[in-house]
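Enquirer: Here it is: the structure, laid out below.
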Amino acid sequence: MASLSTADHSASPPVVRIPRDYNAAHDLIERNLKAGRGAKVAYIDDAGRYTYADLAERVNRAANALASLGLAMESRIMVALLDTIDFPSVFLGAIKAGIVPIAANTLLTAADYKFMLEDSRARALVVSEPLLPVFAPILEDLPFLEHVIVSGANPHGHRRLADLMADAPARCEPAPTTCDDVCFWLYSSGSTGTPKGTVHIQSSLVYTAELYAKPILGIRESDVVFSAAKLFFAYGLGNALTFPLSVGATTVLMAERPTPASVAKRLKEHRPTIFYGVPTLYAAMLASPDLPRREEVGMRVCTSAGEALPADIGRRWTAHFGVEILDGIGSTEMLHIFLSNRPGDVRYGTTGKPVPGYQVRLVDESGNDAKPGEIGELQINGPSSAIMYWNNRARSLATFVGPWTRAGDKYSVDADGYYVYGGRSDDMLKVSGIYVSPFEVEAALMTHPDVLEAAVVGAADTDGLVKPKAYVVVKPGIVPGDELKARLQQHVKDRLAPYKYPRWIEFMSELPKTATGKIQRFKLRAAGQK
């Protein structure tokens, strides 16, 4: 099939040409083989190195292995994999076969996964062995799930991914997909805590590479890239899969959690030229004794997304390493960054300017364009937008408004045209780049026998990064104190993903409410800022 995209970067915005008959996985692999990069290292993970020829074969074997299970075009599978070579192999293999992979956050709970598997009606689950215990309690109660495939040495009674791929043919023709066919899903958190299946089409991936990665980030074949943000994030998926494969760069993958020590180890060992981080990690690294010296690393550019980067963190990072952080904003719905600072034109404290190829507007509460300097709701028009939320017509209509996508963020524009973050349009919090529903945390707190009422809002830590803060009213006869705070924090950790627990708990005799009994969270937010 003639399915290679092309782009003219001499134009502004770049002109991207994607044929009607198009398969994203075939494009991202084939362009490298045609360029003679078969022997070049594509991925380095904790277990080894894999060339572009190795990757191409693994993708073909994964595609054939999935098809051998009876998974036809448009079937859906959930991919809950740590960052190893198996992620790009399975994710791209599914796409090449016309199967729709759903990249799942590896930090969630069994209840979250049960909802997503039932909502998506995924017929297969491909899961890393260390994550299997989280899924184990729910696997017998999923009527649509037919296959469990384990990436790891011990499949624990299920199918082993390595065996399936070893038995599958090494050659595979791409499925006859079109540029507008559904390609993959990512689940995005909702304001009530219920995840939303965000549906992207075959052309989405390459648009982010051609409009952002090449002209803004300046990624090139000689780069070695390392993303602390994992592949299951929209941010990490572009960073460590789409972008490097679009130019033939080399990518470093890390399965473990991104701590200052684990990240510093990769920065020193592999000396990546492009490092993708998030503000929380940058702040933690600057405060860590594991922070590498400037001469120990090889970074030429860094990026940040997921939450607004405090200006002080950006300045301190640049002072230490002599490297700019390109702060930007993207979303699961838009797939990657559409508003960004530029190399040589970084203004810390802002999110920069629109990426060419994306239109951005700010809308006031009346639906009109916000006046200069005023805060408005951020809306984006761009070719990488998702087409809908699965099985959620009301939210789809509210978010995807004609060609415009509502970001759910408030922004203003300064006198020089730089966009300045003003907060969320709803009560959602972003913690370490991941959306957290305050209602979900409140519900967990309310299951504790000592809690009468609870309200959760965002509060800034000493680095200016947002974390959950809980205001709690205890039941009569309960004595509040530090011991109870610790018990409540552990109570939430036991029921939700660990990053969602409240970093601070403040006890109150009553919560501020309206006449109709609704909690006035804006008063709690204001109290927390004093």
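Just remember, in the structure tokens the first chain shown is A, the second B, etc., residues are 1-based per chain, and ligands are 1-based in the order shown.
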Which of stretch 190-412 of chain A counts as helix (DSSP H, G or I) under DSSP, as a PyMOL selection string please?

Expert: chain A and resi 204-217+234-247+260-270+279-286+294-296+311-321+393-399

Enquirer: Just the residues within 10 Å of A:Val90, please, counting only C-alpha atoms, with nothing from its chain fewer than 4 positions along; format it as a ChimeraX atom specification.

Expert: /A:58-63,65-66,79,81,85-86,94-96,101,126,161,165

Enquirer: For A:Ala444, find every residue with an atom within 12 Å (counting only C-alpha atoms), except residues of its own chain fewer than 6 positions away, and show them as a PyMOL selection string.

Expert: chain A and resi 193+437-438+451+453-456+470+488-497+500-502

Enquirer: Smallest atom-to-atom distance to A:Asn154: which of A:Leu125, A:Asp482, A:Pro130, A:Val360, using only C-alpha atoms?

Expert: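 Closest candidate: A:Pro130.
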
Enquirer: Using only C-alpha atoms, which of A:Ala110, A:Thr177, A:Ala283, A:Pro155 sits nearest A:Asp21?

Expert: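 Checking each of A:Ala110, A:Thr177, A:Ala283, A:Pro155 against A:Asp21, counting only C-alpha atoms, the winner is A:Thr177.
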
Enquirer: Contacts of stretch 258-268 of chain A at 6 Å or less, counting only C-alpha atoms, minus same-chain residues fewer than 4 places along, as a PyMOL selection string?

Expert: chain A and resi 228+285+290+296-297

Enquirer: Residues as selected, N, CA, C and O atoms, written as a compact mmCIF listing (two decimals), in the first residue's frame, can you do that?

Expert:
```
# COMPACT_ATOMS: atom_id res chain seq x y z
N ALA A 228 11.02 10.84 30.47
CA ALA A 228 10.61 10.38 31.79
C ALA A 228 9.11 10.11 31.81
O ALA A 228 8.63 9.25 32.56
N MET A 285 14.49 16.80 40.87
CA MET A 285 15.88 16.59 40.49
C MET A 285 16.77 17.72 40.99
O MET A 285 17.88 17.50 41.47
N ASP A 290 21.31 13.46 43.72
CA ASP A 290 21.65 12.70 42.52
C ASP A 290 21.71 13.56 41.27
O ASP A 290 21.95 13.04 40.17
N GLU A 296 28.43 15.90 32.93
CA GLU A 296 28.10 14.46 32.92
C GLU A 296 26.99 14.12 31.94
O GLU A 296 26.72 12.93 31.71
N VAL A 297 26.33 15.12 31.37
CA VAL A 297 25.18 14.86 30.51
C VAL A 297 25.41 15.45 29.12
O VAL A 297 26.35 16.22 28.91
```

Enquirer: What are the DSSP strand (DSSP E or B) residues of stretch 35-272 of chain A, as number ranges by chain?

Expert: A: 41-44, 49-51, 76-80, 100-103, 124-128, 147-151, 159-160, 178, 182-188, 196-201, 224-227, 250-252

Enquirer: I'd like the neighbourhood of A:Gly218 as a PyMOL selection string, where a residue qualifies if any of its atoms comes within 10 Å (using only C-alpha atoms), though same-chain residues fewer than 2 positions away should be ignored.

Expert: chain A and resi 212-216+220+223+274+301+342-343

Enquirer: Find the residue from A:Leu231, A:Met446, A:Ile102, A:Val472 that sits nearest to A:Lys196; use only C-alpha atoms when measuring.

Expert: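 Going through A:Leu231, A:Met446, A:Ile102, A:Val472 one by one, the smallest distance to A:Lys196 is for A:Ile102.
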
Enquirer: Neighbours of A:Ser304 within 7 Å (only C-alpha atoms; same-chain residues fewer than 5 positions away dropped), as a PyMOL selection string?

Expert: chain A and resi 276-279+325-328

Enquirer: Would you export the selected residues with N, CA, C and O atoms as a short mmCIF file (atom, residue, chain, number, x, y, z; two decimals), in the first residue's frame, please?

Expert:
```
data_model
loop_
_atom_site.label_atom_id
_atom_site.label_comp_id
_atom_site.auth_asym_id
_atom_site.auth_seq_id
_atom_site.Cartn_x
_atom_site.Cartn_y
_atom_site.Cartn_z
N TYR A 276 12.78 14.70 27.87
CA TYR A 276 11.40 15.14 28.08
C TYR A 276 11.01 14.88 29.53
O TYR A 276 11.02 13.74 29.99
N GLY A 277 10.65 15.93 30.25
CA GLY A 277 10.27 15.77 31.64
C GLY A 277 8.96 16.46 31.96
O GLY A 277 8.24 16.93 31.07
N VAL A 278 8.63 16.52 33.24
CA VAL A 278 7.47 17.24 33.74
C VAL A 278 7.93 18.11 34.90
O VAL A 278 8.96 17.82 35.53
N PRO A 279 7.22 19.18 35.22
CA PRO A 279 7.69 20.11 36.26
C PRO A 279 7.99 19.46 37.60
O PRO A 279 8.99 19.81 38.24
N ILE A 325 14.50 24.68 28.91
CA ILE A 325 13.33 23.80 28.95
C ILE A 325 12.24 24.47 28.10
O ILE A 325 11.84 25.60 28.37
N LEU A 326 11.80 23.76 27.07
CA LEU A 326 10.72 24.27 26.23
C LEU A 326 9.40 23.87 26.87
O LEU A 326 8.90 22.76 26.65
N ASP A 327 8.82 24.75 27.66
CA ASP A 327 7.55 24.46 28.29
C ASP A 327 6.44 24.58 27.26
O ASP A 327 6.41 25.54 26.48
N GLY A 328 5.53 23.60 27.25
CA GLY A 328 4.42 23.62 26.31
C GLY A 328 3.20 22.99 26.93
O GLY A 328 3.24 22.46 28.04
#
```

Enquirer: Taking only C-alpha atoms into account, name the residue in A:Ala80, A:Leu142, A:Ala386, A:Ala162 that is nearest to A:Glu333.

Expert: A:Ala386

Enquirer: Could you state the separation of atom CA of A:Glu140 and atom CA of A:Ser120 in Å, given to one decimal place?

Expert: 16.6 Å
